[in-house]
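Read through the structure below, which is laid out as structure tokens, and then see the notes.
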Amino acid sequence: MKKQRVVVLGAGMVGKAIALDLSKEYLVTAVDINETRLEPLAQNGVSTVRADISNIETLRQVIKSADIVVSAVLSRMGFTTLKNIIEAGKNVVDITFSAEDPLTLDELAQKHYVVAIVDCGVCPGMTNIILGYYDRHMQITRFEALVGGLPVVRKWPWEYKAPFSPADIIEEYTRPARFVENGQVVTVPALSGRRLVYFDTIGELEAFDTDGLRTLLRTMCHIPNMREQTLRYPGHAGLFQALQASGFLSSAPIEFEGKTIRPLDFSTKVFMNEWRLGEQEEELTIVRLVIEGTANGIAQKTTCNLYDRYDAPTQITSMARTTGYTATGAVRLILDGKFKCRGINPPEYIGRSVENFTFMLDHLKQRGVCYEFRKENLS
């Protein structure tokens with residue numbers, strides 16, 4: 001039987017994990033503008049192409065023979081790249097966290113007979129899949145998602161290392177955050193709602209609002225209370241807010257020693273060094289979901305936890321594993337014909353099927369990413 005072809009756009013930490021995992025079953029080509037990122041994949045037998053996919057003709061050429069495309073590009077490129085992939089008529093799994101609403105591309109995807117699964121990482125991503133499953137089995141009144149990627153070794157002052165591009169993290173920290181309270185969508189500045197939360201596995205962490213609900217605001221609008229918060233070591237958000245209040249994240253140009261610069265560009269360059277995750281540097285991913293509601297007239301609460309760490313034997317980061325393997329599970333669902341819904345599909349649609357939900361959990365567990373569930377009756 002002829003092997004199916006997968007093209008992975010972006011060979012950063014997550015793109016690398018995706019390409020390596022899929023290469024065990026499929027003919028994979030990894031595409032990136034940075035040759036250095038491609039070298040480790042080539043050494044592991046993955047076909048590579050150095051190309052600038054911001055050029056639409058170049059993109060069309062590199063995905064021409066693909067049965068499916070995975071987009072793991074920078075968030076600022078995400079929406080345009082997704083649109084171009086759809087217009088090329090290719091099925092796609094997208095993990096980018098772009099500011100634009102991917103659901104606006106639904107009509108385009110249906111027109112081109114494309115199956116597109118978007119926001120397919122951890123949160124949004126697997127957290128949505130879990131919520132999609134429980135939404136079919138109970139009347140949910142409250143959903144809370146707490147998610148964070150953290151270094152094992154805490155280095156002052158930030159006590160943080162970015163598993164993605166620092167530019168994407170800054171985007172996450174500055175984009176207004178939305179949550180649902182008593183049936184109403186509330187918009188607040190990112191990093192609002194700071195509070196301390198205790199975890200048995202790591203101790204006390206700081207939670208704050210970011211805009212992680214995304215498609216859930218439309219697809220799960222019947223749930224009266226939903227909130228997503230990012231987790232960091234205590235004090236991190238306050239430091240960032242101080243920089244923001246002082247103008248270091250402004251995009252308005254200023255004059256400095258005869259040159260025009262944007263404070264945001266300067267700060268991003270500094271964070272590139274300060275937040276860069278070192279090779280073989282240990283980090284972890286922590287997730288806690290709380291789902292409350294009623295099933296068969298009984299008030300219930302389900303808590304889902306994930307605690308995952310850097311995998312030394314494969315040298316793949318935890319965030320790359322938890323994000324990338326969610327995406328590779330979705331790729332397999334499409335290529336195996338288990339998910340065929342044309343159009344833009346947020347991850348919660350995967351959870352509607354018991355079989356696909358179970359497949360995703362098993363797929364992740366086989367790769368050492370284990371979500372644990374605890375259910376309790378509230379009355």
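If you're wondering about the labels, chains in the structure tokens are A, B, ... by order shown, residues count from 1 in each chain, ligands from 1 in order shown.
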Give me the residues near stretch 188-199 of chain A as an MDAnalysis selection string, where near means some atom within 7 Å (using only C-alpha atoms) and where sequence neighbours in that chain fewer than 4 positions away do not count.
chainID A and resid 173:178 203:210 237
Please, could you write that set of residues out with C-alpha atoms as a compact mmCIF listing (two decimals), in the first residue's frame?
# COMPACT_ATOMS: atom_id res chain seq x y z
CA TYR A 173 0.27 38.27 27.05
CA THR A 174 -0.99 41.39 25.27
CA ARG A 175 -4.07 40.14 23.41
CA PRO A 176 -7.29 40.93 25.36
CA ALA A 177 -8.64 37.88 27.18
CA ARG A 178 -12.25 36.70 27.03
CA GLY A 203 3.28 23.45 44.55
CA GLU A 204 1.84 26.94 44.25
CA LEU A 205 1.51 28.58 40.83
CA GLU A 206 0.08 31.85 39.61
CA ALA A 207 -2.91 31.76 37.25
CA PHE A 208 -3.99 34.68 35.05
CA ASP A 209 -6.36 35.30 32.17
CA THR A 210 -5.32 34.75 28.55
CA ALA A 237 2.77 38.27 35.42
Please report, as JSON lines, each residue of stretch 37-118 of chain A lying at most 12 Å from stretch 320-323 of chain A, together with the nearest pair of atoms and the separation in Å rounded to one decimal; use only C-alpha atoms, and order rows by chain and ascending residue number.
{"residue": "A:Ala72", "atom": "CA", "partner": "A:Thr323", "partner_atom": "CA", "distance": 10.3}
{"residue": "A:Val93", "atom": "CA", "partner": "A:Thr323", "partner_atom": "CA", "distance": 12.0}
{"residue": "A:Asp94", "atom": "CA", "partner": "A:Thr323", "partner_atom": "CA", "distance": 10.9}
{"residue": "A:Ile95", "atom": "CA", "partner": "A:Thr323", "partner_atom": "CA", "distance": 7.8}
{"residue": "A:Thr96", "atom": "CA", "partner": "A:Thr323", "partner_atom": "CA", "distance": 10.5}
{"residue": "A:Phe97", "atom": "CA", "partner": "A:Thr323", "partner_atom": "CA", "distance": 11.8}
Give me a file of those residues, with C-alpha atoms, as an mmCIF file, in the first residue's frame.
data_model
loop_
_atom_site.group_PDB
_atom_site.id
_atom_site.type_symbol
_atom_site.label_atom_id
_atom_site.label_comp_id
_atom_site.auth_asym_id
_atom_site.auth_seq_id
_atom_site.Cartn_x
_atom_site.Cartn_y
_atom_site.Cartn_z
ATOM 1 C CA ALA A 72 3.279 24.793 12.856
ATOM 2 C CA VAL A 93 -4.172 20.311 10.948
ATOM 3 C CA ASP A 94 -3.189 23.702 12.358
ATOM 4 C CA ILE A 95 -1.546 24.341 15.752
ATOM 5 C CA THR A 96 -0.892 28.086 15.362
ATOM 6 C CA PHE A 97 -2.340 30.534 17.873
#
Pick the closest to A:Ala162 from A:Met272, A:Val6, A:Leu306, A:Met360: which is it, counting only C-alpha atoms?
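Counting only C-alpha atoms, the residue closest to A:Ala162 is A:Met272.
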Surrounding residues of A:Tyr160 excluding itself and chain neighbours under 6 positions, 12 Å, only C-alpha atoms, as a PyMOL selection string:
chain A and resi 148-154+166+169+231-237+239-240+271-278+281-284
Need the shell around A:Gly10: protein/DNA/RNA residues with any atom at most 6 Å away, counting only C-alpha atoms. Skip same-chain ones fewer than 2 positions apart. Format as a ChimeraX atom specification?
/A:12,15,31-32,72-73
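Put simply, atom CA of A:Pro224 is 15.8 Å away from atom CA of A:Arg136.
Computed from the coordinates, the atom CA of A:Gln315 to atom CA of A:Met13 distance equals 10.2 Å.
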If you count only C-alpha atoms, which residues fall within 9 Å of stretch 42-45 of chain A, apart from same-chain ones fewer than 2 positions away, as a tab-separated table (two decimals) with N, CA and C atoms, in the first residue's frame?
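As written to disk, part-v5.tsv reads:
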chain	number	residue	atom	x	y	z
A	20	LEU	N	8.84	13.98	13.34
A	20	LEU	CA	9.46	12.72	13.76
A	20	LEU	C	8.40	11.67	14.08
A	23	SER	N	6.70	10.48	10.84
A	23	SER	CA	7.61	9.79	9.91
A	23	SER	C	7.69	8.28	10.18
A	30	ALA	N	9.47	18.04	5.94
A	30	ALA	CA	9.46	19.20	6.82
A	30	ALA	C	9.97	20.42	6.06
A	38	LEU	N	16.25	22.37	10.18
A	38	LEU	CA	15.96	21.20	9.36
A	38	LEU	C	17.01	20.09	9.52
A	39	GLU	N	18.22	20.46	9.88
A	39	GLU	CA	19.32	19.49	9.93
A	39	GLU	C	19.04	18.28	10.83
A	40	PRO	N	18.53	18.46	12.08
A	40	PRO	CA	18.26	17.29	12.92
A	40	PRO	C	17.22	16.35	12.33
A	47	SER	N	12.59	13.88	5.08
A	47	SER	CA	12.85	14.74	3.93
A	47	SER	C	12.65	16.20	4.33
A	48	THR	N	13.53	17.07	3.89
A	48	THR	CA	13.43	18.48	4.28
A	48	THR	C	13.52	19.39	3.06
Between atom CA of A:Arg309 and atom CA of A:Gly121 - distance in Å to one decimal:
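Straight-line distance from atom CA of A:Gly121 to atom CA of A:Arg309 works out to 16.2 Å.
When only C-alpha atoms are used to measure the gap to A:Arg288, the shortest distance among A:Gln244, A:Ser379, A:Gln110, A:Asn305 belongs to A:Asn305.
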